[in-house]
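To start, the structure itself, in structure tokens.
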Amino acid sequence: MAGNESVTIEDIDGISSLCTGCGACAAACPTGSICMTTDREGFSYPRVDNNQCIACHKCLNVCQASRDSAKHNPIEIEALYASRKDERAAGSSGGIMGLLAKRVLESNGAVFGAVFDAEGHRVIHASTETHSLEKILRSKYVQSEAWPTYARVKQHLCSGEQVLFCGTPCQVIGLNRYLGKQYSNLLTVDFFCHGVPSPGFFADYARLVESQKGSRLTDVTFREKSHGWREQHMRWYFSDGSNIEEPSLDNCHYFFFLGNYSLRKSCYTCELYKRHEADITLADYWLIDPAFDDDLGTSLVLANTENGLTFLKDIKKDTIEVPVDNFDFEIYRHSYCPNKRANFFDCYVNEGIEATCGSYFDNEHRVWCIRNRCGAIKNAFVSKIKNCIGAFTR
């Protein structure tokens, strides 16, 4: 949406497909009239108590659905990984987030990011005040609740402390809108986002896994690197000391996430892949030259602001650089099939979690496997024909 005239105070709790769930409106409301409530698909949306609302329009002023975000063309683009093996292994890609975080912590600052809340079967935003940096690192493929931390971030900033806030592009915009001005002691980090899957679905699925296992869930990692950077595995940890590990695309939640079934409505029209407000943007550098790829993880790093560039230069001595060729934002654009989403949520809402993760998942996964296998056979056949033709013409 362009211009505040496109959204009215009556619409703030009904913007539906435009709402990213950043929660800036709820955090900014001076009377506490706005709360984030969960819809039937498991996503959080703002709801207004009209009895308390004073029509100050602060919610509209911070709502990113009411105006386009600023676009920062990257000042510098590099592909890096941490030179220390333990620091590289601690991250989902090249360990760059950990290096940035340690710089902030060395100055007695605070790092805010997503952590898994086992008791609530959800992902929340928290800081190194209450959680270890290890819990904040690594990708979590569930939409986190970031808005409760915005006020705490501001408190740290106003006290002069250095703060690193890491989140999705829309969460970084939400924080920036809430703050209302730039802070020299704030470093924001986002990433090339595939989209955010339903927190409600994940919570129900996690409870189902617990029930089937007969043990309480204590942690989950979405991208174990024990089999390498490219062969992604998901691992569940339980209170009895055991764990379950499986290839990510054989996991119900991850399959529906990566296949674009379970994403938030706003993700299907999101343009933030090319419109980052964060100081630094991170990504897996999947297009790395095979000659430099050791399958341990390499990060694509975009310094979008002078502040981001300063931090990037500061950590360079602790990294190893590999060449970057032909970067294009369009590589990170995703195409979506709306029918898949509609069918997925119809099953989840009307038939429940067991049916969705049972027969519905089995059918969709089977079709995917067949198509994948046929595609691999076709590619191998085409390659063989080309080789035969090449041998014949030599």
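Naming works like this for the structure tokens: A, B, ... for the chains as they're shown, residue 1 at the start of each chain, ligands 1 onward in shown order.
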- Can you pull out every residue within 12 Å of A:Val62, counting only C-alpha atoms, but drop anything in the same chain fewer than 4 positions away, and send it as a PyMOL selection string? chain A and resi 4+7+12+22-29+56-58+66-69+170-171+173-181
- Message: If DSSP is run on the backbone, what residues of stretch 149-368 of chain A are helix (DSSP H, G or I)? A reply as a ChimeraX atom specification would be ideal.
- Response: /A:149-158,169-179,199-213,248-250,252-258,265-269,272-274,290-292,306-318,329-332,338-351,353-368
- Which is closest to A:Phe256 among A:Gly195, A:Pro169, A:Gly308, A:Gly21, if we use only C-alpha atoms? A:Gly195
- Task: Fewer than 6 positions away in the same chain doesn't count, so skip those; otherwise give me all residues within 10 Å of A:Arg223, counting only C-alpha atoms, as number ranges by chain.
- Result: A: 91-93, 138-141, 229-235, 247-248
Please, could you write that set of residues out with N, CA and C atoms as an mmCIF file, in the first residue's frame?
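Below is the file again-v3.cif, written as the result:
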```cif
data_model
loop_
_atom_site.group_PDB
_atom_site.id
_atom_site.type_symbol
_atom_site.label_atom_id
_atom_site.label_comp_id
_atom_site.auth_asym_id
_atom_site.auth_seq_id
_atom_site.Cartn_x
_atom_site.Cartn_y
_atom_site.Cartn_z
ATOM 1 N N GLY A 91 26.927 -21.624 13.144
ATOM 2 C CA GLY A 91 25.896 -20.969 12.349
ATOM 3 C C GLY A 91 25.337 -21.883 11.288
ATOM 4 N N SER A 92 24.204 -21.489 10.713
ATOM 5 C CA SER A 92 23.584 -22.295 9.661
ATOM 6 C C SER A 92 24.334 -22.178 8.350
ATOM 7 N N SER A 93 25.049 -21.053 8.152
ATOM 8 C CA SER A 93 25.807 -20.865 6.913
ATOM 9 C C SER A 93 27.293 -20.752 7.229
ATOM 10 N N ARG A 138 21.729 -19.730 14.418
ATOM 11 C CA ARG A 138 21.091 -20.732 13.564
ATOM 12 C C ARG A 138 19.666 -20.317 13.175
ATOM 13 N N SER A 139 19.297 -20.788 12.002
ATOM 14 C CA SER A 139 17.991 -20.450 11.433
ATOM 15 C C SER A 139 16.870 -21.178 12.168
ATOM 16 N N LYS A 140 15.755 -20.454 12.363
ATOM 17 C CA LYS A 140 14.537 -21.056 12.911
ATOM 18 C C LYS A 140 13.412 -20.797 11.916
ATOM 19 N N TYR A 141 12.894 -21.852 11.316
ATOM 20 C CA TYR A 141 11.909 -21.678 10.255
ATOM 21 C C TYR A 141 10.484 -21.693 10.791
ATOM 22 N N TRP A 229 26.637 -28.850 4.772
ATOM 23 C CA TRP A 229 25.852 -27.618 4.643
ATOM 24 C C TRP A 229 24.656 -27.810 3.714
ATOM 25 N N ARG A 230 24.836 -28.538 2.645
ATOM 26 C CA ARG A 230 23.793 -28.662 1.634
ATOM 27 C C ARG A 230 22.760 -29.742 1.974
ATOM 28 N N GLU A 231 23.169 -30.806 2.617
ATOM 29 C CA GLU A 231 22.227 -31.861 2.981
ATOM 30 C C GLU A 231 21.623 -31.538 4.346
ATOM 31 N N GLN A 232 20.551 -30.792 4.313
ATOM 32 C CA GLN A 232 19.988 -30.259 5.551
ATOM 33 C C GLN A 232 19.170 -31.308 6.304
ATOM 34 N N HIS A 233 19.369 -31.330 7.624
ATOM 35 C CA HIS A 233 18.646 -32.243 8.498
ATOM 36 C C HIS A 233 18.002 -31.455 9.638
ATOM 37 N N MET A 234 16.873 -31.955 10.108
ATOM 38 C CA MET A 234 16.167 -31.373 11.247
ATOM 39 C C MET A 234 16.276 -32.347 12.411
ATOM 40 N N ARG A 235 16.524 -31.809 13.611
ATOM 41 C CA ARG A 235 16.712 -32.685 14.771
ATOM 42 C C ARG A 235 15.872 -32.208 15.950
ATOM 43 N N PRO A 247 16.152 -36.094 7.316
ATOM 44 C CA PRO A 247 16.376 -35.111 6.261
ATOM 45 C C PRO A 247 15.244 -34.086 6.265
ATOM 46 N N SER A 248 15.585 -32.816 6.121
ATOM 47 C CA SER A 248 14.607 -31.744 6.300
ATOM 48 C C SER A 248 13.376 -31.910 5.410
#
```
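For stretch 152-277 of chain A, backbone-based DSSP labels the following residues as strand (DSSP E): Val163, Leu164, Phe165, Cys166, Leu186, Leu187, Thr188, Val189, Asp190, Phe191, Leu217, Thr218, Asp219, Val220, Thr221, Phe222, Arg223, Glu224, His233, Met234, Arg235, Trp236, Tyr237, Phe238, Asn243, Ile244, Glu245, Glu246 and Pro247 of chain A.
Atom CA of A:Leu302 lies 28.1 Å from atom CA of A:Ser262.
For the pair atom CA of A:Glu78 and atom CA of A:His334, the interatomic distance is 22.5 Å.
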